[in-house]
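Pasting entry_27.cif here (mmCIF, C-alpha atoms):
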```cif
data_query
loop_
_atom_site.label_atom_id
_atom_site.label_comp_id
_atom_site.auth_asym_id
_atom_site.auth_seq_id
_atom_site.Cartn_x
_atom_site.Cartn_y
_atom_site.Cartn_z
CA MET A 127 -2.52 -24.34 -9.38
CA ARG A 128 -2.60 -25.40 -13.03
CA PHE A 129 -6.12 -26.80 -12.72
CA GLU A 130 -9.44 -25.19 -11.78
CA ASN A 131 -10.55 -25.41 -8.16
CA THR A 132 -13.69 -25.08 -6.09
CA VAL A 133 -14.49 -25.62 -2.40
CA GLN A 134 -15.00 -29.21 -1.26
CA ARG A 135 -17.98 -28.62 1.02
CA ALA A 136 -20.37 -25.83 2.01
CA VAL A 137 -19.35 -23.39 4.76
CA GLU A 138 -21.14 -20.37 6.18
CA ALA A 139 -20.70 -17.19 8.17
CA ARG A 140 -22.86 -14.49 9.74
CA GLY A 141 -22.04 -10.85 10.29
CA ILE A 142 -23.02 -7.30 9.43
CA GLY A 143 -22.40 -5.06 6.45
CA LEU A 144 -19.72 -2.42 7.03
CA HIS A 145 -21.61 0.34 5.23
CA SER A 146 -25.26 -0.78 5.48
CA GLY A 147 -25.12 -2.16 9.03
CA VAL A 148 -27.56 -4.93 8.02
CA ALA A 149 -27.34 -8.47 9.39
CA VAL A 150 -26.23 -10.90 6.67
CA HIS A 151 -25.71 -14.64 6.31
CA ILE A 152 -23.54 -16.17 3.58
CA ARG A 153 -22.93 -19.76 2.46
CA ILE A 154 -20.05 -20.69 0.15
CA LEU A 155 -20.80 -23.77 -1.95
CA PRO A 156 -18.99 -25.85 -4.61
CA ALA A 157 -19.64 -24.91 -8.24
CA PRO A 158 -18.96 -26.75 -11.53
CA VAL A 159 -15.94 -26.04 -13.74
CA SER A 160 -15.90 -22.71 -15.59
CA THR A 161 -18.70 -21.28 -13.41
CA GLY A 162 -16.55 -18.56 -11.89
CA ILE A 163 -17.69 -16.88 -8.67
CA VAL A 164 -21.44 -16.27 -8.65
CA PHE A 165 -23.33 -14.54 -5.83
CA LEU A 166 -26.92 -15.74 -5.29
CA ARG A 167 -29.26 -13.33 -3.49
CA THR A 168 -31.32 -15.84 -1.51
CA ASP A 169 -33.65 -13.06 -0.35
CA LEU A 170 -34.51 -12.48 -4.02
CA ASP A 171 -35.21 -16.03 -5.28
CA ASN A 172 -31.50 -16.83 -5.70
CA PHE A 173 -31.00 -14.00 -8.18
CA PRO A 174 -27.49 -14.51 -9.65
CA ILE A 175 -24.82 -11.79 -9.81
CA PRO A 176 -21.56 -13.05 -11.37
CA ALA A 177 -18.35 -11.55 -9.96
CA SER A 178 -17.36 -9.82 -13.18
CA TRP A 179 -16.09 -6.39 -14.25
CA ARG A 180 -19.20 -6.26 -16.45
CA HIS A 181 -21.36 -5.76 -13.36
CA VAL A 182 -19.30 -3.14 -11.49
CA ALA A 183 -21.75 -0.49 -10.28
CA ARG A 184 -20.10 1.66 -7.60
CA VAL A 185 -16.49 2.14 -6.57
CA SER A 186 -16.73 4.72 -3.78
CA TYR A 187 -15.29 3.33 -0.51
CA ALA A 188 -16.13 -0.24 -1.64
CA THR A 189 -16.66 -2.22 -4.83
CA SER A 190 -20.31 -2.95 -5.52
CA LEU A 191 -21.84 -5.08 -8.25
CA MET A 192 -25.25 -4.65 -9.83
CA ARG A 193 -27.20 -6.77 -12.28
CA GLN A 194 -30.65 -5.80 -13.52
CA GLY A 195 -31.01 -3.32 -10.68
CA VAL A 196 -30.02 -5.81 -7.95
CA LEU A 197 -27.09 -4.56 -5.85
CA LEU A 198 -24.37 -6.38 -3.97
CA SER A 199 -21.91 -4.26 -2.01
CA THR A 200 -18.42 -4.62 -0.51
CA THR A 201 -17.39 -7.68 -2.50
CA GLU A 202 -13.63 -7.01 -2.52
CA HIS A 203 -12.49 -8.83 0.64
CA LEU A 204 -14.16 -12.16 -0.15
CA LEU A 205 -13.13 -11.98 -3.81
CA SER A 206 -9.56 -11.15 -2.80
CA VAL A 207 -9.42 -14.35 -0.75
CA PHE A 208 -10.97 -16.51 -3.49
CA TYR A 209 -8.53 -15.12 -6.07
CA SER A 210 -5.42 -15.50 -3.94
CA MET A 211 -6.28 -18.91 -2.51
CA GLY A 212 -6.96 -20.32 -5.99
CA ILE A 213 -10.74 -20.74 -5.81
CA ASP A 214 -11.91 -20.37 -9.42
CA ASN A 215 -15.50 -21.54 -8.99
CA ALA A 216 -18.01 -21.09 -6.16
CA PHE A 217 -21.59 -20.14 -5.46
CA VAL A 218 -22.00 -17.62 -2.65
CA GLU A 219 -25.50 -17.56 -1.22
CA ILE A 220 -26.18 -14.24 0.50
CA ASP A 221 -29.41 -13.00 2.08
CA ASN A 222 -28.84 -9.24 1.97
CA LEU A 223 -27.22 -6.48 -0.07
CA GLU A 224 -23.71 -6.45 1.44
CA VAL A 225 -21.03 -9.06 2.07
CA PRO A 226 -20.35 -9.23 5.83
CA ILE A 227 -17.27 -7.35 7.00
CA LEU A 228 -16.50 -9.88 9.80
CA ASP A 229 -13.27 -8.59 11.45
CA GLY A 230 -12.45 -6.19 8.58
CA SER A 231 -9.76 -8.42 7.07
CA GLY A 232 -9.57 -11.44 4.78
CA GLN A 233 -8.50 -13.77 7.59
CA PRO A 234 -11.99 -15.14 8.48
CA PHE A 235 -12.60 -15.98 4.80
CA VAL A 236 -9.21 -17.74 4.56
CA GLU A 237 -10.23 -19.81 7.59
CA LEU A 238 -13.61 -20.59 5.99
CA ILE A 239 -11.90 -21.92 2.86
CA ALA A 240 -9.54 -24.01 4.98
CA GLN A 241 -12.63 -25.41 6.72
CA ALA A 242 -14.31 -26.10 3.37
CA GLY A 243 -11.29 -27.74 1.77
CA ILE A 244 -10.33 -27.37 -1.88
CA HIS A 245 -11.51 -29.66 -4.68
CA HIS A 246 -9.32 -29.85 -7.79
CA TYR A 247 -10.89 -30.34 -11.19
CA ARG A 248 -9.15 -31.81 -14.23
CA ARG A 249 -9.94 -28.72 -16.28
CA ARG A 250 -6.82 -26.64 -16.92
CA ARG A 251 -6.97 -23.04 -15.74
CA ARG A 252 -7.06 -20.33 -18.38
CA TYR A 253 -4.85 -17.40 -17.43
CA LEU A 254 -4.85 -13.77 -18.50
CA ARG A 255 -1.25 -13.14 -19.54
CA ILE A 256 0.00 -9.56 -19.83
CA ARG A 257 2.10 -9.30 -23.02
CA ARG A 258 2.97 -5.61 -22.97
CA PRO A 259 2.97 -2.92 -20.27
CA VAL A 260 -0.26 -1.02 -19.64
CA SER A 261 -0.69 1.98 -17.34
CA VAL A 262 -3.43 4.28 -16.04
CA GLU A 263 -2.60 7.57 -14.35
CA ASP A 264 -4.75 10.32 -12.85
CA ARG A 265 -3.91 13.16 -10.45
CA GLY A 266 -0.86 11.58 -8.86
CA LYS A 267 -2.34 8.06 -8.76
CA ARG A 268 -1.13 5.31 -11.07
CA ILE A 269 -1.56 1.61 -11.78
CA SER A 270 0.67 -0.28 -14.20
CA ILE A 271 0.76 -3.94 -15.20
CA LEU A 272 3.99 -5.39 -16.58
CA PRO A 273 4.57 -8.79 -18.19
CA ALA A 274 5.58 -11.49 -15.66
CA GLU A 275 5.52 -15.27 -15.37
CA SER A 276 3.50 -15.19 -12.13
CA PHE A 277 1.08 -12.87 -10.32
CA ARG A 278 3.23 -10.23 -8.62
CA LEU A 279 2.06 -7.16 -6.75
CA THR A 280 3.66 -3.89 -5.69
CA CYS A 281 1.46 -1.58 -3.65
CA GLU A 282 2.46 1.89 -2.44
CA ILE A 283 0.43 4.26 -0.27
CA ASP A 284 1.03 7.70 1.20
CA PHE A 285 -1.14 9.11 4.02
CA ALA A 286 -0.26 12.20 6.04
CA HIS A 287 -0.44 10.42 9.39
CA PRO A 288 2.39 9.69 11.86
CA LEU A 289 1.54 5.97 12.00
CA VAL A 290 1.08 5.55 8.23
CA GLY A 291 3.03 7.90 5.93
CA ARG A 292 4.64 6.28 2.87
CA GLN A 293 4.44 2.49 2.85
CA SER A 294 5.22 -0.12 0.20
CA ILE A 295 4.89 -3.87 -0.14
CA GLU A 296 5.98 -6.19 -2.95
CA LEU A 297 5.34 -9.92 -3.20
CA GLU A 298 4.51 -12.80 -5.48
CA VAL A 299 0.91 -13.61 -4.64
CA THR A 300 0.72 -17.26 -3.59
CA PRO A 301 -1.87 -18.81 -1.27
CA GLU A 302 0.75 -19.20 1.46
CA ARG A 303 2.14 -15.66 1.31
CA TYR A 304 -1.33 -14.15 0.96
CA ALA A 305 -2.64 -16.00 4.02
CA ALA A 306 0.37 -14.99 6.10
CA GLU A 307 1.08 -11.42 4.92
CA ILE A 308 -2.05 -9.91 3.34
CA ALA A 309 -5.19 -11.60 4.70
CA PRO A 310 -4.85 -10.43 8.35
CA ALA A 311 -4.74 -6.71 7.38
CA ARG A 312 -7.94 -4.87 8.33
CA THR A 313 -9.82 -2.07 6.66
CA PHE A 314 -9.05 1.33 8.18
CA GLY A 315 -10.31 4.88 8.47
CA PHE A 316 -9.64 8.19 10.18
CA GLU A 317 -11.68 9.49 13.11
CA TYR A 318 -12.01 12.99 11.63
CA GLU A 319 -13.69 11.57 8.50
CA LEU A 320 -16.33 9.50 10.30
CA GLY A 321 -19.02 12.18 10.50
CA GLN A 322 -18.81 13.00 6.81
CA MET A 323 -18.92 9.31 5.85
CA ARG A 324 -21.97 8.67 8.03
CA ASN A 325 -23.68 11.68 6.43
CA MET A 326 -23.04 9.96 3.08
CA GLY A 327 -24.88 6.86 4.34
CA LEU A 328 -21.66 4.88 4.83
CA ILE A 329 -20.00 2.90 7.69
CA ARG A 330 -23.27 2.29 9.58
CA GLY A 331 -21.89 -1.07 10.69
CA ALA A 332 -18.35 0.07 11.49
CA SER A 333 -16.81 -0.54 14.91
CA LEU A 334 -13.41 -1.20 16.43
CA ASP A 335 -14.24 -4.91 16.05
CA ASN A 336 -14.15 -4.67 12.26
CA ALA A 337 -11.93 -1.70 11.36
CA VAL A 338 -8.83 0.18 12.41
CA CYS A 339 -9.63 3.75 13.39
CA PHE A 340 -6.86 6.35 13.49
CA THR A 341 -7.02 9.49 15.58
CA ARG A 342 -4.82 12.38 14.42
CA GLU A 343 -1.92 11.07 16.49
CA GLY A 344 -2.58 7.41 17.15
CA VAL A 345 -4.98 4.49 16.83
CA LEU A 346 -8.18 3.88 18.82
CA ASN A 347 -8.13 0.07 18.69
CA PRO A 348 -7.04 -1.32 22.08
CA GLY A 349 -4.84 -3.97 20.45
CA GLY A 350 -3.16 -1.49 18.11
CA LEU A 351 -2.06 -2.50 14.61
CA ARG A 352 -1.45 -6.06 13.47
CA ALA A 353 1.58 -4.86 11.47
CA ALA A 354 3.34 -1.51 11.16
CA ASP A 355 2.33 -1.43 7.48
CA GLU A 356 -1.16 -2.89 7.99
CA CYS A 357 -2.71 -0.10 5.92
CA CYS A 358 -0.55 -0.88 2.90
CA ARG A 359 -1.23 -4.59 3.24
CA HIS A 360 -4.98 -3.93 3.34
CA LYS A 361 -4.76 -1.76 0.22
CA ALA A 362 -3.05 -4.71 -1.47
CA LEU A 363 -5.91 -6.95 -0.29
CA ASP A 364 -8.46 -4.55 -1.80
CA LEU A 365 -6.53 -4.33 -5.06
CA ILE A 366 -6.46 -8.12 -5.45
CA GLY A 367 -10.21 -8.27 -4.75
CA ASP A 368 -10.91 -5.78 -7.51
CA LEU A 369 -8.58 -7.60 -9.93
CA ALA A 370 -10.55 -10.78 -9.22
CA LEU A 371 -13.34 -9.25 -11.32
CA LEU A 372 -11.19 -10.08 -14.36
CA GLY A 373 -12.59 -13.59 -13.98
CA ARG A 374 -9.26 -15.27 -14.71
CA PRO A 375 -5.99 -15.68 -12.80
CA LEU A 376 -3.47 -13.05 -13.86
CA LEU A 377 0.09 -13.50 -15.05
CA GLY A 378 1.58 -10.04 -14.64
CA HIS A 379 3.21 -7.62 -12.21
CA VAL A 380 0.68 -5.05 -10.93
CA ILE A 381 2.17 -1.83 -9.54
CA ALA A 382 -0.32 0.42 -7.73
CA GLU A 383 0.75 3.85 -6.47
CA ARG A 384 -1.76 5.66 -4.21
CA ALA A 385 -4.61 4.01 -6.11
CA GLY A 386 -8.09 3.04 -4.93
CA HIS A 387 -11.23 1.16 -5.98
CA ALA A 388 -12.15 3.60 -8.77
CA MET A 389 -8.75 3.33 -10.44
CA HIS A 390 -8.59 -0.43 -9.89
#
```

Take the structure I supplied and represent it as structure tokens, if you would.
Amino acid sequence: MRFENTVQRAVEARGIGLHSGVAVHIRILPAPVSTGIVFLRTDLDNFPIPASWRHVARVSYATSLMRQGVLLSTTEHLLSVFYSMGIDNAFVEIDNLEVPILDGSGQPFVELIAQAGIHHYRRRRRYLRIRRPVSVEDRGKRISILPAESFRLTCEIDFAHPLVGRQSIELEVTPERYAAEIAPARTFGFEYELGQMRNMGLIRGASLDNAVCFTREGVLNPGGLRAADECCRHKALDLIGDLALLGRPLLGHVIAERAGHAMH
């Protein structure tokens, strides 16, 4: 992982947007060294939107990017997979305004990258090393980053639900551990919030095929949860996807307590 990587060959997927409900087709293609991750809106003459904190537009229920008025929504799952699997450079052709949700987790994107293969460049990676602790806190939510020799993550959540409650996960983020422990965790929501979210123009593409839905006492999905702490693992997935907007691999220990996209 000391050298920059891209995908070896083009791969593609089709699906719908979680919030917009629109049909969308993406292709992931190799990119030259030091390109970073760049989305290309093929429906708008390949208009480029780099995956950078400079272009963050909205952070309510998903992380959206905007450049010169052109929007791209729900980028966090795909970016989380790129970041954790060591893909530094890629072009992502996309023909609509939202990255497809697929099954609600990072697993399909991990499988796409495995299908594409990884090409190693001779260019050394440039890391962002945390030299002193930094922390952001607001109304009981907090994120801190401490110096570390690798990318470590601690994620804590607390939901007043019998199947969720207080959960915590800590791990060193490597491609192997991410693929096994984080990628399969799906996005989730609560049945009693669905009406309000739809009134806000959200989750038009949501279904039990691409999200976990909790009732007040249980879970609606016939197969149940993929892990007892699936919610915490998915929050960790989201956090990594937002951190990917740094544009460089991180050397630090990120500790997130009841945080979300806005704080990320």

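Counting all atoms listed in the file, range 145-162 of chain A has the following residues at most 6 Å away, ignoring those fewer than 3 positions along the same chain: Thr132, Val133, Ala136, Val137, Glu138, Ala139, Arg140, Gly141, Ile142, Asp214, Asn215, Ala216, Phe217, Val218, Glu219, Ile220, Asp221, Asn222, Leu328, Ile329, Arg330 and Gly331 of chain A.
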
* Restricting the calculation to only C-alpha atoms, which member of A:Leu144, A:Ile213, A:Ala385, A:Ala177 is positioned closest to Lys267 in chain A? -> A:Ala385

* Structure fact -> In Å and to one decimal, CA of Arg258 in chain A is distant from CA of Glu298 in chain A by 19.0 Å

* Asked: Contacts of range 349-355 of chain A at 10 Å or less, counting only C-alpha atoms, minus same-chain residues fewer than 6 places along, as an MDAnalysis selection string?
  -> chainID A and resid 283 289:295 307 310:312 334 338:340

* To do: Show which residues sit within 10 Å of Met389 in chain A, as a VMD selection string. Count all atoms listed in the file, and ignore same-chain residues fewer than 3 positions away.
  => chain A and resid 185 262 to 264 267 to 269 365 368 382 384 to 386

Include C-alpha atoms and write out the residues we just selected as a PDB file, in the frame of the given file.
```
ATOM      1  CA  VAL A 185     -16.490   2.140  -6.570  1.00  0.00           C
ATOM      2  CA  VAL A 262      -3.430   4.280 -16.040  1.00  0.00           C
ATOM      3  CA  GLU A 263      -2.600   7.570 -14.350  1.00  0.00           C
ATOM      4  CA  ASP A 264      -4.750  10.320 -12.850  1.00  0.00           C
ATOM      5  CA  LYS A 267      -2.340   8.060  -8.760  1.00  0.00           C
ATOM      6  CA  ARG A 268      -1.130   5.310 -11.070  1.00  0.00           C
ATOM      7  CA  ILE A 269      -1.560   1.610 -11.780  1.00  0.00           C
ATOM      8  CA  LEU A 365      -6.530  -4.330  -5.060  1.00  0.00           C
ATOM      9  CA  ASP A 368     -10.910  -5.780  -7.510  1.00  0.00           C
ATOM     10  CA  ALA A 382      -0.320   0.420  -7.730  1.00  0.00           C
ATOM     11  CA  ARG A 384      -1.760   5.660  -4.210  1.00  0.00           C
ATOM     12  CA  ALA A 385      -4.610   4.010  -6.110  1.00  0.00           C
ATOM     13  CA  GLY A 386      -8.090   3.040  -4.930  1.00  0.00           C
TER      14      GLY A 386
END
```

* **Residue among A:Gly212, A:Gln233, A:Pro174, A:Arg180 lying closest to Leu198 in chain A, counting all atoms listed in the file** => A:Pro174

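Interatomic distance, CA of Val225 in chain A to CA of Thr200 in chain A: 5.8 Å.
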
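The protein and nucleic acid residues lying at most 9 Å from Glu275 in chain A are A:Arg255, A:Arg278, A:Leu377, A:Gly378, A:His379, with only C-alpha atoms considered and sequence neighbours fewer than 3 positions away removed.
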
Generate N, CA, C and O atoms for range 296-308 of chain A and emit them as a PDB file, in the frame of the given file.
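Saved as rebuild.pdb:
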```
ATOM      1  N   GLU A 296       5.855  -5.481  -1.681  1.00  0.00           N
ATOM      2  CA  GLU A 296       5.980  -6.190  -2.950  1.00  0.00           C
ATOM      3  C   GLU A 296       6.060  -7.677  -2.656  1.00  0.00           C
ATOM      4  O   GLU A 296       6.785  -8.106  -1.761  1.00  0.00           O
ATOM      5  N   LEU A 297       5.296  -8.484  -3.401  1.00  0.00           N
ATOM      6  CA  LEU A 297       5.340  -9.920  -3.200  1.00  0.00           C
ATOM      7  C   LEU A 297       4.783 -10.651  -4.416  1.00  0.00           C
ATOM      8  O   LEU A 297       4.022 -10.076  -5.207  1.00  0.00           O
ATOM      9  N   GLU A 298       5.197 -11.901  -4.561  1.00  0.00           N
ATOM     10  CA  GLU A 298       4.510 -12.800  -5.480  1.00  0.00           C
ATOM     11  C   GLU A 298       3.315 -13.355  -4.733  1.00  0.00           C
ATOM     12  O   GLU A 298       3.452 -13.856  -3.613  1.00  0.00           O
ATOM     13  N   VAL A 299       2.132 -13.224  -5.335  1.00  0.00           N
ATOM     14  CA  VAL A 299       0.910 -13.610  -4.640  1.00  0.00           C
ATOM     15  C   VAL A 299       0.708 -15.121  -4.770  1.00  0.00           C
ATOM     16  O   VAL A 299       0.332 -15.620  -5.828  1.00  0.00           O
ATOM     17  N   THR A 300       0.990 -15.831  -3.693  1.00  0.00           N
ATOM     18  CA  THR A 300       0.720 -17.260  -3.590  1.00  0.00           C
ATOM     19  C   THR A 300      -0.253 -17.469  -2.437  1.00  0.00           C
ATOM     20  O   THR A 300      -0.367 -16.603  -1.557  1.00  0.00           O
ATOM     21  N   PRO A 301      -0.951 -18.597  -2.387  1.00  0.00           N
ATOM     22  CA  PRO A 301      -1.870 -18.810  -1.270  1.00  0.00           C
ATOM     23  C   PRO A 301      -1.176 -18.696   0.095  1.00  0.00           C
ATOM     24  O   PRO A 301      -1.735 -18.121   1.032  1.00  0.00           O
ATOM     25  N   GLU A 302       0.042 -19.204   0.190  1.00  0.00           N
ATOM     26  CA  GLU A 302       0.750 -19.200   1.460  1.00  0.00           C
ATOM     27  C   GLU A 302       1.135 -17.783   1.886  1.00  0.00           C
ATOM     28  O   GLU A 302       0.918 -17.382   3.041  1.00  0.00           O
ATOM     29  N   ARG A 303       1.707 -17.018   0.960  1.00  0.00           N
ATOM     30  CA  ARG A 303       2.140 -15.660   1.310  1.00  0.00           C
ATOM     31  C   ARG A 303       0.931 -14.762   1.547  1.00  0.00           C
ATOM     32  O   ARG A 303       0.952 -13.905   2.432  1.00  0.00           O
ATOM     33  N   TYR A 304      -0.116 -14.956   0.754  1.00  0.00           N
ATOM     34  CA  TYR A 304      -1.330 -14.150   0.960  1.00  0.00           C
ATOM     35  C   TYR A 304      -1.902 -14.396   2.347  1.00  0.00           C
ATOM     36  O   TYR A 304      -2.218 -13.454   3.081  1.00  0.00           O
ATOM     37  N   ALA A 305      -2.047 -15.670   2.719  1.00  0.00           N
ATOM     38  CA  ALA A 305      -2.640 -16.000   4.020  1.00  0.00           C
ATOM     39  C   ALA A 305      -1.821 -15.441   5.167  1.00  0.00           C
ATOM     40  O   ALA A 305      -2.365 -14.989   6.178  1.00  0.00           O
ATOM     41  N   ALA A 306      -0.497 -15.428   5.015  1.00  0.00           N
ATOM     42  CA  ALA A 306       0.370 -14.990   6.100  1.00  0.00           C
ATOM     43  C   ALA A 306       0.551 -13.474   6.149  1.00  0.00           C
ATOM     44  O   ALA A 306       0.592 -12.873   7.229  1.00  0.00           O
ATOM     45  N   GLU A 307       0.646 -12.818   4.977  1.00  0.00           N
ATOM     46  CA  GLU A 307       1.080 -11.420   4.920  1.00  0.00           C
ATOM     47  C   GLU A 307      -0.013 -10.418   4.557  1.00  0.00           C
ATOM     48  O   GLU A 307       0.082  -9.254   4.928  1.00  0.00           O
ATOM     49  N   ILE A 308      -1.032 -10.852   3.830  1.00  0.00           N
ATOM     50  CA  ILE A 308      -2.050  -9.910   3.340  1.00  0.00           C
ATOM     51  C   ILE A 308      -3.391 -10.093   4.057  1.00  0.00           C
ATOM     52  O   ILE A 308      -4.011  -9.133   4.514  1.00  0.00           O
TER      53      ILE A 308
END
```
